Structure formats: C-alpha cells, structure tokens
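For reference, final-v5.txt (compact mmCIF, C-alpha atoms):
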```
# COMPACT_ATOMS: atom_id res chain seq x y z
CA MET B 1 89.34 128.26 122.26
CA ALA B 2 93.07 128.95 122.01
CA LYS B 3 94.54 129.11 118.57
CA PRO B 4 96.73 126.05 117.89
CA ALA B 5 100.43 126.77 117.58
CA GLU B 6 101.64 127.15 114.04
CA ARG B 7 103.85 124.32 112.87
CA PHE B 8 106.80 124.86 110.57
CA ALA B 9 107.44 121.86 108.35
CA SER B 10 110.98 123.02 107.66
CA LEU B 11 111.90 122.77 111.36
CA ASP B 12 110.43 119.26 111.65
CA VAL B 13 112.23 118.16 108.48
CA PHE B 14 115.51 119.68 109.65
CA ARG B 15 115.29 117.87 112.97
CA GLY B 16 114.34 114.63 111.23
CA LEU B 17 117.23 114.96 108.79
CA ALA B 18 119.68 115.31 111.68
CA VAL B 19 118.27 112.24 113.45
CA ALA B 20 118.32 110.10 110.30
CA LEU B 21 121.91 110.99 109.48
CA MET B 22 122.94 110.44 113.09
CA ILE B 23 121.67 106.86 112.89
CA VAL B 24 123.40 106.25 109.54
CA VAL B 25 126.70 107.55 110.94
CA ASN B 26 126.45 105.66 114.24
CA THR B 27 125.50 102.27 112.80
CA PRO B 28 127.63 101.66 109.69
CA GLY B 29 127.25 98.27 108.12
CA PRO B 30 130.05 95.84 109.06
CA GLY B 31 132.42 94.07 106.73
CA ALA B 32 133.86 97.16 105.02
CA PRO B 33 134.85 100.69 106.08
CA PRO B 34 132.21 103.39 105.48
CA PHE B 35 132.74 106.22 103.02
CA PRO B 36 135.24 108.72 104.47
CA TRP B 37 132.60 111.46 104.71
CA LEU B 38 130.58 109.21 107.05
CA ILE B 39 133.49 108.87 109.49
CA HIS B 40 134.28 111.56 112.06
CA ALA B 41 137.54 113.43 111.58
CA LYS B 42 140.21 111.73 113.67
CA TRP B 43 141.14 115.01 115.35
CA LEU B 44 141.34 118.31 113.50
CA GLY B 45 139.31 118.81 110.34
CA PHE B 46 135.71 118.32 109.29
CA THR B 47 133.65 115.60 107.58
CA GLY B 48 129.97 115.14 106.83
CA ALA B 49 129.63 112.97 109.94
CA ASP B 50 130.81 115.88 112.09
CA TRP B 51 127.82 117.96 110.99
CA VAL B 52 125.23 115.65 112.54
CA PHE B 53 125.50 116.07 116.32
CA PRO B 54 125.80 119.89 116.40
CA SER B 55 122.83 120.08 114.06
CA PHE B 56 120.81 117.93 116.45
CA LEU B 57 121.66 120.44 119.19
CA PHE B 58 120.65 123.26 116.85
CA ALA B 59 117.32 121.47 116.38
CA VAL B 60 116.91 121.23 120.16
CA GLY B 61 117.19 125.00 120.26
CA CYS B 62 114.66 125.34 117.45
CA ALA B 63 112.15 123.34 119.50
CA MET B 64 112.65 125.71 122.44
CA ALA B 65 111.25 128.58 120.39
CA PHE B 66 107.92 126.75 120.41
CA SER B 67 107.88 124.95 123.77
CA PHE B 68 108.78 128.09 125.74
CA LYS B 69 106.06 130.26 124.23
CA THR B 70 103.54 129.29 126.90
CA PRO B 71 103.85 131.57 129.96
CA MET B 72 105.01 129.70 133.05
CA PRO B 73 105.92 130.76 136.61
CA HIS B 74 109.65 130.81 137.35
CA ARG B 75 109.57 127.94 139.81
CA GLN B 76 107.51 125.73 137.51
CA PHE B 77 109.82 126.52 134.62
CA ALA B 78 112.93 125.70 136.63
CA LEU B 79 111.50 122.39 137.86
CA LYS B 80 110.44 121.44 134.34
CA VAL B 81 113.87 122.19 132.85
CA LEU B 82 115.78 120.48 135.65
CA ARG B 83 113.54 117.42 135.48
CA ARG B 84 113.98 117.09 131.72
CA THR B 85 117.72 117.66 131.99
CA ALA B 86 118.08 114.97 134.64
CA LEU B 87 115.87 112.50 132.77
CA ILE B 88 117.72 112.83 129.46
CA PHE B 89 121.07 112.60 131.27
CA LEU B 90 119.93 109.47 133.12
CA LEU B 91 118.70 107.83 129.93
CA GLY B 92 122.07 108.50 128.32
CA PHE B 93 123.89 106.93 131.27
CA LEU B 94 121.62 103.88 131.26
CA MET B 95 122.13 103.56 127.49
CA TYR B 96 125.87 103.10 128.06
CA TRP B 97 125.27 100.70 130.95
CA TYR B 98 122.91 98.58 128.78
CA PRO B 99 122.55 95.59 128.48
CA PHE B 100 123.43 95.76 132.20
CA VAL B 101 124.83 92.21 132.29
CA HIS B 102 127.50 90.16 130.49
CA ARG B 103 128.41 86.51 130.21
CA VAL B 104 131.02 85.12 132.61
CA ASP B 105 132.04 81.41 132.61
CA GLY B 106 128.68 80.25 131.30
CA GLY B 107 126.75 82.53 133.66
CA TRP B 108 125.87 86.19 133.94
CA ALA B 109 127.33 89.10 135.88
CA VAL B 110 126.20 92.72 136.25
CA ASN B 111 128.17 95.26 134.24
CA PRO B 112 130.09 97.30 136.83
CA LEU B 113 128.97 100.88 137.23
CA ALA B 114 132.61 101.70 137.98
CA ASP B 115 133.42 101.14 134.29
CA THR B 116 130.33 102.81 132.81
CA ARG B 117 130.78 105.97 130.78
CA ILE B 118 129.21 108.99 132.46
CA MET B 119 129.19 111.53 129.64
CA GLY B 120 127.93 110.90 126.11
CA VAL B 121 125.61 112.16 123.38
CA LEU B 122 122.38 112.30 125.38
CA GLN B 123 124.23 113.60 128.41
CA ARG B 124 125.64 116.49 126.38
CA ILE B 125 122.19 117.17 124.94
CA ALA B 126 120.80 117.25 128.47
CA LEU B 127 123.39 119.67 129.85
CA CYS B 128 123.29 121.95 126.80
CA TYR B 129 119.50 121.97 126.95
CA GLY B 130 119.51 122.90 130.63
CA LEU B 131 122.05 125.72 130.24
CA ALA B 132 120.42 127.11 127.11
CA ALA B 133 116.91 126.88 128.58
CA PHE B 134 117.72 129.19 131.46
CA ALA B 135 119.63 131.52 129.15
CA VAL B 136 116.77 131.97 126.67
CA ARG B 137 114.27 132.35 129.50
CA TYR B 138 115.98 135.33 131.09
CA LEU B 139 118.11 136.99 128.40
CA SER B 140 117.16 139.12 125.42
CA TRP B 141 118.41 138.11 122.00
CA ARG B 142 121.23 140.64 122.21
CA TRP B 143 122.41 139.20 125.50
CA LEU B 144 122.13 135.69 124.07
CA VAL B 145 124.45 136.70 121.23
CA ALA B 146 126.83 138.24 123.78
CA LEU B 147 126.70 135.10 125.94
CA SER B 148 127.48 132.96 122.91
CA ALA B 149 130.54 135.06 122.13
CA VAL B 150 131.70 134.82 125.75
CA LEU B 151 131.32 131.02 125.76
CA LEU B 152 133.26 130.57 122.51
CA LEU B 153 136.03 133.04 123.30
CA GLY B 154 136.19 131.95 126.94
CA TYR B 155 136.59 128.29 125.94
CA TRP B 156 139.40 129.29 123.56
CA ALA B 157 141.10 131.26 126.33
CA ILE B 158 140.85 128.35 128.79
CA LEU B 159 142.44 125.93 126.34
CA ALA B 160 145.20 128.38 125.44
CA ALA B 161 145.94 129.35 129.06
CA TYR B 162 146.06 125.80 130.39
CA ASN B 163 148.55 124.45 127.86
CA PRO B 164 150.11 127.31 125.86
CA ALA B 165 152.62 125.00 124.16
CA ASP B 166 149.99 122.63 122.75
CA PRO B 167 146.46 123.77 123.68
CA PHE B 168 144.70 121.42 121.24
CA SER B 169 146.49 118.17 122.06
CA LYS B 170 144.25 115.17 122.65
CA LEU B 171 145.39 114.23 126.14
CA GLY B 172 146.96 117.52 127.23
CA ASN B 173 144.10 119.96 126.69
CA ALA B 174 142.18 121.51 129.58
CA GLY B 175 138.98 119.59 128.88
CA THR B 176 140.69 116.21 129.05
CA ARG B 177 142.44 117.08 132.29
CA LEU B 178 139.14 118.24 133.80
CA ASP B 179 137.39 115.00 132.81
CA LEU B 180 140.18 112.88 134.25
CA LEU B 181 140.09 114.87 137.48
CA VAL B 182 136.30 114.94 137.94
CA LEU B 183 135.12 111.73 136.27
CA GLY B 184 138.14 109.43 136.15
CA GLN B 185 139.41 107.51 133.15
CA SER B 186 137.20 104.46 133.78
CA HIS B 187 134.13 106.65 133.24
CA LEU B 188 135.32 108.16 129.95
CA TYR B 189 134.90 107.07 126.32
CA ARG B 190 136.55 103.66 126.15
CA ARG B 191 138.26 104.16 122.81
CA GLY B 192 139.54 107.62 123.71
CA GLY B 193 142.54 106.53 125.77
CA GLY B 194 141.74 109.15 128.41
CA PHE B 195 139.88 111.56 126.15
CA ASP B 196 136.08 111.89 125.96
CA PRO B 197 134.61 113.71 122.91
CA GLU B 198 131.53 114.63 124.96
CA GLY B 199 133.43 115.84 127.99
CA LEU B 200 132.44 118.43 130.56
CA LEU B 201 134.27 121.53 129.32
CA GLY B 202 133.12 121.08 125.72
CA THR B 203 129.55 121.48 126.95
CA LEU B 204 130.09 125.25 127.08
CA PRO B 205 130.71 125.87 123.36
CA ALA B 206 128.17 123.18 122.43
CA THR B 207 125.50 125.18 124.27
CA VAL B 208 125.97 127.88 121.64
CA ASN B 209 124.61 125.50 119.00
CA VAL B 210 121.38 125.25 121.02
CA ILE B 211 121.14 128.99 121.57
CA ALA B 212 121.67 129.58 117.85
CA GLY B 213 118.85 127.19 116.98
CA TYR B 214 116.53 129.01 119.36
CA LEU B 215 117.38 132.43 117.90
CA ALA B 216 116.96 131.18 114.33
CA ALA B 217 113.57 129.57 114.98
CA ARG B 218 112.31 132.54 116.98
CA TYR B 219 113.28 134.91 114.20
CA LEU B 220 111.76 132.69 111.54
CA THR B 221 108.46 132.34 113.39
CA THR B 222 108.09 136.02 114.31
CA ALA B 223 109.35 137.78 111.17
CA PRO B 224 106.43 139.61 109.51
CA ASP B 225 107.78 138.97 106.01
CA ARG B 226 109.25 135.49 105.67
CA ARG B 227 111.07 135.83 102.34
CA PRO B 228 113.44 138.62 103.43
CA ALA B 229 113.85 136.79 106.74
CA LEU B 230 115.03 133.64 104.95
CA THR B 231 117.53 135.69 102.97
CA ARG B 232 118.91 137.22 106.17
CA ILE B 233 119.17 133.78 107.80
CA ALA B 234 121.03 132.36 104.81
CA VAL B 235 123.38 135.35 104.56
CA THR B 236 124.10 135.16 108.29
CA GLY B 237 124.93 131.48 107.85
CA LEU B 238 127.37 132.22 105.04
CA VAL B 239 129.03 134.95 107.10
CA LEU B 240 129.46 132.56 110.05
CA MET B 241 130.95 129.89 107.79
CA ALA B 242 133.41 132.42 106.41
CA ALA B 243 134.27 133.50 109.97
CA ALA B 244 134.88 129.86 110.90
CA LEU B 245 137.36 129.46 108.06
CA ALA B 246 139.09 132.70 109.05
CA TRP B 247 139.32 131.52 112.70
CA ASN B 248 140.49 128.04 111.73
CA PRO B 249 144.25 128.82 111.56
CA PHE B 250 144.14 130.06 115.15
CA PHE B 251 141.41 127.85 116.67
CA PRO B 252 141.21 124.79 114.39
CA ILE B 253 137.90 123.29 113.33
CA ALA B 254 137.55 120.11 115.40
CA LYS B 255 134.39 118.28 116.37
CA LYS B 256 136.00 116.23 119.14
CA LEU B 257 137.27 119.38 120.84
CA TRP B 258 134.10 121.29 119.84
CA THR B 259 136.14 124.37 119.03
CA GLY B 260 134.65 127.80 118.42
CA SER B 261 135.43 127.62 114.71
CA PHE B 262 133.59 124.29 114.60
CA VAL B 263 130.57 125.91 116.24
CA LEU B 264 130.53 128.77 113.73
CA LEU B 265 130.89 126.38 110.79
CA THR B 266 128.07 124.09 111.91
CA VAL B 267 125.72 126.89 112.98
CA GLY B 268 126.38 128.65 109.69
CA SER B 269 125.64 125.56 107.63
CA ASP B 270 122.53 124.88 109.72
CA LEU B 271 121.22 128.38 109.01
CA VAL B 272 121.76 127.96 105.27
CA ILE B 273 120.09 124.53 105.25
CA LEU B 274 117.17 125.73 107.39
CA ALA B 275 116.61 128.73 105.12
CA GLY B 276 116.67 126.46 102.07
CA LEU B 277 114.20 124.02 103.60
CA ALA B 278 111.87 126.84 104.63
CA ALA B 279 111.95 128.28 101.11
CA LEU B 280 111.13 124.88 99.63
CA LEU B 281 108.52 123.66 102.11
CA GLU B 282 106.67 126.49 103.84
CA GLY B 283 103.35 127.39 102.25
CA ARG B 284 103.32 124.26 100.12
CA PRO B 285 101.51 120.94 100.65
CA PRO B 286 103.66 118.18 102.18
CA ASN B 287 105.47 115.80 99.85
CA PRO B 288 106.68 112.23 100.45
CA ALA B 289 110.27 113.30 101.12
CA SER B 290 109.33 115.91 103.71
CA ARG B 291 106.84 113.54 105.29
CA PHE B 292 109.56 110.89 105.63
CA PHE B 293 111.86 113.17 107.63
CA GLU B 294 109.00 114.67 109.64
CA VAL B 295 108.43 111.21 111.12
CA PHE B 296 111.96 111.28 112.52
CA GLY B 297 111.46 114.82 113.73
CA ARG B 298 108.30 114.14 115.76
CA ASN B 299 109.98 111.80 118.29
CA PRO B 300 113.71 112.45 117.80
CA LEU B 301 115.06 111.45 121.21
CA VAL B 302 112.96 108.29 121.38
CA ILE B 303 114.03 107.18 117.90
CA TYR B 304 117.69 107.93 118.62
CA LEU B 305 117.57 106.02 121.92
CA PHE B 306 115.88 103.08 120.20
CA SER B 307 118.52 103.07 117.46
CA GLU B 308 121.31 102.75 120.01
CA LEU B 309 119.63 100.15 122.21
CA PHE B 310 118.28 97.97 119.40
CA VAL B 311 121.61 97.56 117.62
CA THR B 312 123.21 96.67 120.96
CA THR B 313 120.47 94.09 121.50
CA LEU B 314 121.02 92.61 118.05
CA GLN B 315 124.71 92.27 118.78
CA GLN B 316 123.93 90.28 121.93
CA VAL B 317 122.46 87.55 119.70
CA GLN B 318 125.55 85.52 118.79
CA VAL B 319 125.14 83.87 115.40
CA SER B 320 128.62 82.41 115.80
CA PRO B 321 131.36 83.03 118.38
CA GLY B 322 132.19 86.73 118.32
CA VAL B 323 129.67 87.54 115.56
CA GLY B 324 126.51 89.39 116.59
CA LEU B 325 123.30 89.38 114.58
CA TYR B 326 123.79 92.91 113.20
CA ASP B 327 127.30 92.06 112.02
CA TRP B 328 126.07 88.81 110.50
CA VAL B 329 123.29 90.55 108.55
CA GLY B 330 125.66 93.23 107.32
CA GLU B 331 128.31 90.80 106.13
CA THR B 332 126.08 87.98 104.89
CA LEU B 333 123.46 90.03 103.10
CA PHE B 334 124.75 93.50 102.26
CA GLN B 335 128.46 92.84 101.78
CA ALA B 336 127.72 89.69 99.82
CA ALA B 337 125.41 91.63 97.49
CA VAL B 338 127.34 94.91 97.26
CA PRO B 339 130.87 94.68 98.67
CA GLY B 340 132.66 97.72 100.04
CA PRO B 341 131.48 101.10 101.33
CA ILE B 342 128.24 100.99 99.32
CA GLY B 343 127.21 97.77 101.06
CA SER B 344 128.07 99.33 104.42
CA LEU B 345 125.95 102.38 103.61
CA LEU B 346 123.01 100.27 102.40
CA CYS B 347 123.09 98.28 105.64
CA ALA B 348 123.08 101.50 107.67
CA ILE B 349 120.19 102.88 105.60
CA ALA B 350 118.22 99.66 106.08
CA TYR B 351 118.70 99.90 109.83
CA THR B 352 117.68 103.57 109.74
CA LEU B 353 114.46 102.55 107.99
CA VAL B 354 113.73 100.10 110.81
CA CYS B 355 114.05 102.99 113.25
CA TRP B 356 111.86 105.13 110.99
CA LEU B 357 109.18 102.43 111.18
CA LEU B 358 109.01 102.88 114.95
CA GLY B 359 108.60 106.63 114.44
CA TYR B 360 105.93 106.04 111.81
CA ILE B 361 103.92 103.80 114.15
CA LEU B 362 104.11 106.39 116.91
CA ASP B 363 103.15 109.17 114.52
CA ARG B 364 100.20 107.26 113.09
CA ARG B 365 98.88 106.77 116.60
CA GLY B 366 99.41 110.42 117.47
CA VAL B 367 102.02 109.58 120.10
CA VAL B 368 104.62 112.28 120.81
CA VAL B 369 106.90 111.27 123.66
CA LYS B 370 107.99 114.35 125.61
CA LEU B 371 110.80 113.49 127.99
```

For the structure just supplied, provide its representation as structure tokens.
Amino acid sequence: MAKPAERFASLDVFRGLAVALMIVVNTPGPGAPPFPWLIHAKWLGFTGADWVFPSFLFAVGCAMAFSFKTPMPHRQFALKVLRRTALIFLLGFLMYWYPFVHRVDGGWAVNPLADTRIMGVLQRIALCYGLAAFAVRYLSWRWLVALSAVLLLGYWAILAAYNPADPFSKLGNAGTRLDLLVLGQSHLYRRGGGFDPEGLLGTLPATVNVIAGYLAARYLTTAPDRRPALTRIAVTGLVLMAAALAWNPFFPIAKKLWTGSFVLLTVGSDLVILAGLAALLEGRPPNPASRFFEVFGRNPLVIYLFSELFVTTLQQVQVSPGVGLYDWVGETLFQAAVPGPIGSLLCAIAYTLVCWLLGYILDRRGVVVKL
C-alpha cells in the first residue's frame, strides 16, 4: 500500500487565512466605510487588503508542490492543466455574468455577454496556474528563479518602453492599452474607466507569486532539517521585502499594476508568515484556531466562488427599492448596533462565517472539490 502524502498544517492554514481575508475584504458591511487597511490602495502604495490576492496565488503554488508529486505522462499532464485552467477561467467568467438576467419594465431580460467582464480574480488564478504549472513541470528550481526574474524585469521594461513619460499611469500604461485592444472596454472592470486590475499583461508578474509558492512548499517539504529550513525561508522573505522597498522608488509598489516591487513585497511577507506558521503548528496537535482556517483551506476555490455568488444573490432580494438583503442586514443590524467601520467589519466577519459553514459541512463529509 502506498504511503499517504504528508500533510502540512501550516500550508492549509496559510491558504485558509488568505481565503478568509479575501472574503472579508470583498464583502465589507454596508452603511459605513471599512477601515482603511481593508481597502485596496487607490493606485500606488500598499494596504492590508492588497496582501490577500497575491497570497492566494502563493497558496496555489504551494498546492502544486503536492499535486504534482505523482508521476504523469506529458500528454496527460498537459490535458489536466489545460482542463483545469479552462474550467477555473470559465467559472470566473460565469461569476461576473451571474445572475444572468435583470429586471426590465416588470419583466426579465438576459444580461448581455457583450457587457460581461472577461478577466477577473478567478481568471487570473486560472492563467497564472496554467503558466506556472508548465514552468514547474519542466524547469529546475534555478531556472524557475531565472524565469521569475525575467518576468518581473521584462514587465518593467515593457511598461517603461511603451510610455517612457508616464509608464505607470492608469490609462496610459502598456497593460491598459493591451486590454483595450484585445478585450475592449465593455469587457473590462466596470469601475476602472478603461482599466482592469486583473488585465492580461499583469498575468506575467502575478505568475511569479505562484512559482514562489511552489518553490517555498517544495523546499519546506523536502528539507531534511526543518528548523534551519524555516530560518532560511524567513530570512529570504525579509531580504525580498527589503529589495521591494529598494526597488519602490523606481518601480512603485502597486497592486493594481502588479508591479515587480509589489511581487517581491508580497512574496517576502508570505515567506515570513509561512515560516512562522510552520514553526507554530508543525509537529504539534491541531488547535481550534488552526482548525478554523484549515476548513477554508480544504476547499478554497469553492468557498471563494460561493462567497461571491451568495452575496450577489442576497442583493437580488429587494427589501425596499434599491436596497438588497445584504445591505439591509448590514445597515439594520450591524450599523444600528455598532456604527462605523467596526460595524462594517463585524458584518463582513459574519458573512465570512456563513461561508466557513459551507466549508465545514464539506469537510465533515470528507468532500474536497478539485476543479
């Protein structure tokens, strides 16, 4: 009988932490603005909210270190990766098309595909997963590091070469122009005014977050002596964070542009956090806190997709004209009890717990949905 694969609680908890915070950031309670650290930086700069998505990609890479251990013929591997990439991309597209219909003059009409956003969070996850999967399959760790450097420096060069006068402008950067040319403005982020934060060109540096997660998890799971390995991971993270700050004056930290300095900062912080979690959790019995986040980490994509679709569904239930059920609950219950940012945060946490309940039910039944 084959030996079961070793599980690392720290990786599950890390992935679950990223999912939980993603839901909190994406579904703030209505009636009051969230705390500033839960709002993405408007353009350049960095907030706590900006850490979430790149860390989810880092966690995707961590999972690769386990899922790709089983030997597989090249053709089978390629079909598996392409199928998963296409499925996740399609689910992301359908998520933006949902609820598929809207009210018109007392009746219903189908939401036009011509106005549906093509790129998005799941779509970027899909493309980064696909690119990183083939890279880690065929390249050694040294070549993966080299590829990462090429992607970050190459992206910087493209932005600088396309618009030397203002390479990081919102509507004048190379990535925005590419999205407008290939996708068209009607298929971009509606509140971006022609800019999409999950555009095509930004997929290249974002893939580095996935590759970094794979390298970190592979090193953690293969190192003969884990304690020195954790120290090296943490030190590497601190060095990358320092490099990000040094690069910032020349290539500013910006989540929406997904700049190279942003990648180094988020990968560096992820390495430090992962090393800390591993030091706290590995070799010890599970505790309630780790168990809570492991539930999120077992079915991350399913829970994230549910969180986006369920809040949209709640908003379709009109309690009064222009007021959806989620808004009504947030304002009537949470803002009435605790006005301001705290009430907004408590509402978001309550909704996150609803999503956790779905994950808990799946986990209790031993269901792990593999897209």

One number please: CA of Val302 (chain B) to CA of Ala217 (chain B), in Å, one decimal.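 Straight-line distance from CA of Val302 (chain B) to CA of Ala217 (chain B) works out to 22.2 Å.
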
What's around Phe66 (chain B) at 12 Å? Count only C-alpha atoms, leave out sequence neighbours fewer than 3 positions away in its own chain, and write the answer as a PyMOL selection string. chain B and resi 4-8+11-12+59-63+69-71+213-222

Within 12 Å of Ala49 (chain B) using only C-alpha atoms, minus same-chain residues under 2 positions, as a PyMOL selection string: chain B and resi 18-28+34-42+45-47+51-55+254-256+266

Excluding same-chain residues fewer than 5 positions from Gly194 (chain B), what lies within 7 Å of it counting all atoms listed in the file, as number ranges by chain? B: 171, 185, 188

Between B:Met119, B:Leu245, B:Val104, B:Ala132, single out the one closest to Gly184 (chain B), counting all atoms listed in the file. B:Met119

Work out how far CA of Phe292 (chain B) is from CA of Ile361 (chain B), in Å to one decimal.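 Between these atoms lies a distance of 12.4 Å.
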
Contact residues around region 362-369 of chain B with all atoms listed in the file at 7 Å, ignoring same-chain residues under 3 positions, as an mmCIF file with C-alpha atoms, in the frame of the given file:
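Done, and the output landed in out.cif:
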```cif
data_model
loop_
_atom_site.group_PDB
_atom_site.id
_atom_site.type_symbol
_atom_site.label_atom_id
_atom_site.label_comp_id
_atom_site.auth_asym_id
_atom_site.auth_seq_id
_atom_site.Cartn_x
_atom_site.Cartn_y
_atom_site.Cartn_z
ATOM 1 C CA VAL B 295 108.430 111.210 111.120
ATOM 2 C CA ARG B 298 108.300 114.140 115.760
ATOM 3 C CA ASN B 299 109.980 111.800 118.290
ATOM 4 C CA LEU B 358 109.010 102.880 114.950
ATOM 5 C CA GLY B 359 108.600 106.630 114.440
#
```

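Nearest residue to Ile253 (chain B) among B:Ala275, B:Val235, B:Val13, B:Leu44 is B:Leu44, counting all atoms listed in the file.
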
Given the choices B:Leu131, B:Met64, B:Leu57, B:Val317, which gets closest to Ala78 (chain B) if the distance is worked out from only C-alpha atoms? B:Leu131

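The interatomic distance for the pair CA of Phe168 (chain B) and CA of Trp247 (chain B) works out to 14.3 Å.
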
Selected residue of minimal separation from Ser307 (chain B) among B:Val110, B:Ala348, B:Ser186, B:Val272, counting all atoms listed in the file: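 Among the listed residues, B:Ala348 lies closest to Ser307 (chain B).
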
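Proximity to Ala206 (chain B) was assessed for B:Leu180, B:Ala9, B:Val263, B:Leu230 counting all atoms listed in the file; the smallest distance is recorded for B:Val263.
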
When distances are computed from all atoms listed in the file, which of B:Pro300, B:Pro285, B:Gly324, B:Pro341 shows the smallest separation from Tyr360 (chain B)?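 Of all the options, B:Pro300 lies closest to Tyr360 (chain B).
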
Using only C-alpha atoms, what residues lie at most 10 Å away from (123.1, 102.7, 130.3) (file coordinates), given as number ranges by chain? B: 90-100, 111, 113, 116-118, 309

Exercise: region 242-244 of chain B partners within 10 Å, all atoms listed in the file, chain neighbours under 5 positions left out, as a list of chain:residue names: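 Here the qualifying residues turn out to be B:Thr236, B:Gly237, B:Pro249, B:Phe251, B:Pro252, B:Ile253, B:Thr259, B:Gly260, B:Ser261, B:Phe262, B:Val263, B:Leu264, B:Leu265, B:Thr266, B:Val267, B:Gly268.
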
If we draw a sphere of 12 Å around (117.6, 124.1, 103.2), which residues have at least one atom in it when counting only C-alpha atoms? Please report them as a ChimeraX atom specification. /B:9-11,13-15,17,230-231,233-234,237,268-282,290

Can you take the partial region 191-215 of chain B, add N, CA and C atoms, and return it as a PDB file, in the frame of the given file?
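Saved to selection10.pdb:
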```
ATOM      1  N   ARG B 191     137.282 104.168 123.890  1.00  0.00           N
ATOM      2  CA  ARG B 191     138.260 104.160 122.810  1.00  0.00           C
ATOM      3  C   ARG B 191     139.040 105.476 122.733  1.00  0.00           C
ATOM      4  N   GLY B 192     138.878 106.330 123.745  1.00  0.00           N
ATOM      5  CA  GLY B 192     139.540 107.620 123.710  1.00  0.00           C
ATOM      6  C   GLY B 192     140.902 107.643 124.379  1.00  0.00           C
ATOM      7  N   GLY B 193     141.252 106.579 125.106  1.00  0.00           N
ATOM      8  CA  GLY B 193     142.540 106.530 125.770  1.00  0.00           C
ATOM      9  C   GLY B 193     142.733 107.619 126.809  1.00  0.00           C
ATOM     10  N   GLY B 194     141.670 108.055 127.441  1.00  0.00           N
ATOM     11  CA  GLY B 194     141.740 109.150 128.410  1.00  0.00           C
ATOM     12  C   GLY B 194     141.082 110.410 127.925  1.00  0.00           C
ATOM     13  N   PHE B 195     140.576 110.396 126.696  1.00  0.00           N
ATOM     14  CA  PHE B 195     139.880 111.560 126.150  1.00  0.00           C
ATOM     15  C   PHE B 195     138.427 111.190 125.888  1.00  0.00           C
ATOM     16  N   ASP B 196     137.508 112.111 126.225  1.00  0.00           N
ATOM     17  CA  ASP B 196     136.080 111.890 125.960  1.00  0.00           C
ATOM     18  C   ASP B 196     135.577 113.003 125.049  1.00  0.00           C
ATOM     19  N   PRO B 197     135.072 112.667 123.842  1.00  0.00           N
ATOM     20  CA  PRO B 197     134.610 113.710 122.910  1.00  0.00           C
ATOM     21  C   PRO B 197     133.379 114.464 123.379  1.00  0.00           C
ATOM     22  N   GLU B 198     132.676 113.922 124.379  1.00  0.00           N
ATOM     23  CA  GLU B 198     131.530 114.630 124.960  1.00  0.00           C
ATOM     24  C   GLU B 198     131.821 115.008 126.404  1.00  0.00           C
ATOM     25  N   GLY B 199     133.013 115.511 126.642  1.00  0.00           N
ATOM     26  CA  GLY B 199     133.430 115.840 127.990  1.00  0.00           C
ATOM     27  C   GLY B 199     132.739 117.062 128.576  1.00  0.00           C
ATOM     28  N   LEU B 200     133.116 117.373 129.813  1.00  0.00           N
ATOM     29  CA  LEU B 200     132.440 118.430 130.560  1.00  0.00           C
ATOM     30  C   LEU B 200     132.693 119.818 129.990  1.00  0.00           C
ATOM     31  N   LEU B 201     133.946 120.162 129.746  1.00  0.00           N
ATOM     32  CA  LEU B 201     134.270 121.530 129.320  1.00  0.00           C
ATOM     33  C   LEU B 201     133.690 121.838 127.952  1.00  0.00           C
ATOM     34  N   GLY B 202     133.664 120.860 127.060  1.00  0.00           N
ATOM     35  CA  GLY B 202     133.120 121.080 125.720  1.00  0.00           C
ATOM     36  C   GLY B 202     131.632 121.364 125.709  1.00  0.00           C
ATOM     37  N   THR B 203     130.967 121.159 126.849  1.00  0.00           N
ATOM     38  CA  THR B 203     129.550 121.480 126.950  1.00  0.00           C
ATOM     39  C   THR B 203     129.309 122.984 126.757  1.00  0.00           C
ATOM     40  N   LEU B 204     130.273 123.801 127.160  1.00  0.00           N
ATOM     41  CA  LEU B 204     130.090 125.250 127.080  1.00  0.00           C
ATOM     42  C   LEU B 204     129.962 125.733 125.636  1.00  0.00           C
ATOM     43  N   PRO B 205     130.911 125.433 124.742  1.00  0.00           N
ATOM     44  CA  PRO B 205     130.710 125.870 123.360  1.00  0.00           C
ATOM     45  C   PRO B 205     129.552 125.157 122.675  1.00  0.00           C
ATOM     46  N   ALA B 206     129.277 123.900 123.056  1.00  0.00           N
ATOM     47  CA  ALA B 206     128.170 123.180 122.430  1.00  0.00           C
ATOM     48  C   ALA B 206     126.828 123.819 122.759  1.00  0.00           C
ATOM     49  N   THR B 207     126.740 124.484 123.903  1.00  0.00           N
ATOM     50  CA  THR B 207     125.500 125.180 124.270  1.00  0.00           C
ATOM     51  C   THR B 207     125.182 126.281 123.269  1.00  0.00           C
ATOM     52  N   VAL B 208     126.195 126.832 122.632  1.00  0.00           N
ATOM     53  CA  VAL B 208     125.970 127.880 121.640  1.00  0.00           C
ATOM     54  C   VAL B 208     125.185 127.344 120.454  1.00  0.00           C
ATOM     55  N   ASN B 209     125.387 126.083 120.083  1.00  0.00           N
ATOM     56  CA  ASN B 209     124.610 125.500 119.000  1.00  0.00           C
ATOM     57  C   ASN B 209     123.118 125.509 119.329  1.00  0.00           C
ATOM     58  N   VAL B 210     122.786 125.239 120.593  1.00  0.00           N
ATOM     59  CA  VAL B 210     121.380 125.250 121.020  1.00  0.00           C
ATOM     60  C   VAL B 210     120.833 126.668 121.002  1.00  0.00           C
ATOM     61  N   ILE B 211     121.593 127.599 121.549  1.00  0.00           N
ATOM     62  CA  ILE B 211     121.140 128.990 121.570  1.00  0.00           C
ATOM     63  C   ILE B 211     120.923 129.507 120.147  1.00  0.00           C
ATOM     64  N   ALA B 212     121.810 129.150 119.237  1.00  0.00           N
ATOM     65  CA  ALA B 212     121.670 129.580 117.850  1.00  0.00           C
ATOM     66  C   ALA B 212     120.405 129.025 117.219  1.00  0.00           C
ATOM     67  N   GLY B 213     120.086 127.772 117.511  1.00  0.00           N
ATOM     68  CA  GLY B 213     118.850 127.190 116.980  1.00  0.00           C
ATOM     69  C   GLY B 213     117.626 127.912 117.500  1.00  0.00           C
ATOM     70  N   TYR B 214     117.649 128.263 118.779  1.00  0.00           N
ATOM     71  CA  TYR B 214     116.530 129.010 119.360  1.00  0.00           C
ATOM     72  C   TYR B 214     116.364 130.369 118.674  1.00  0.00           C
ATOM     73  N   LEU B 215     117.457 131.102 118.513  1.00  0.00           N
ATOM     74  CA  LEU B 215     117.380 132.430 117.900  1.00  0.00           C
ATOM     75  C   LEU B 215     116.898 132.345 116.457  1.00  0.00           C
TER      76      LEU B 215
END
```
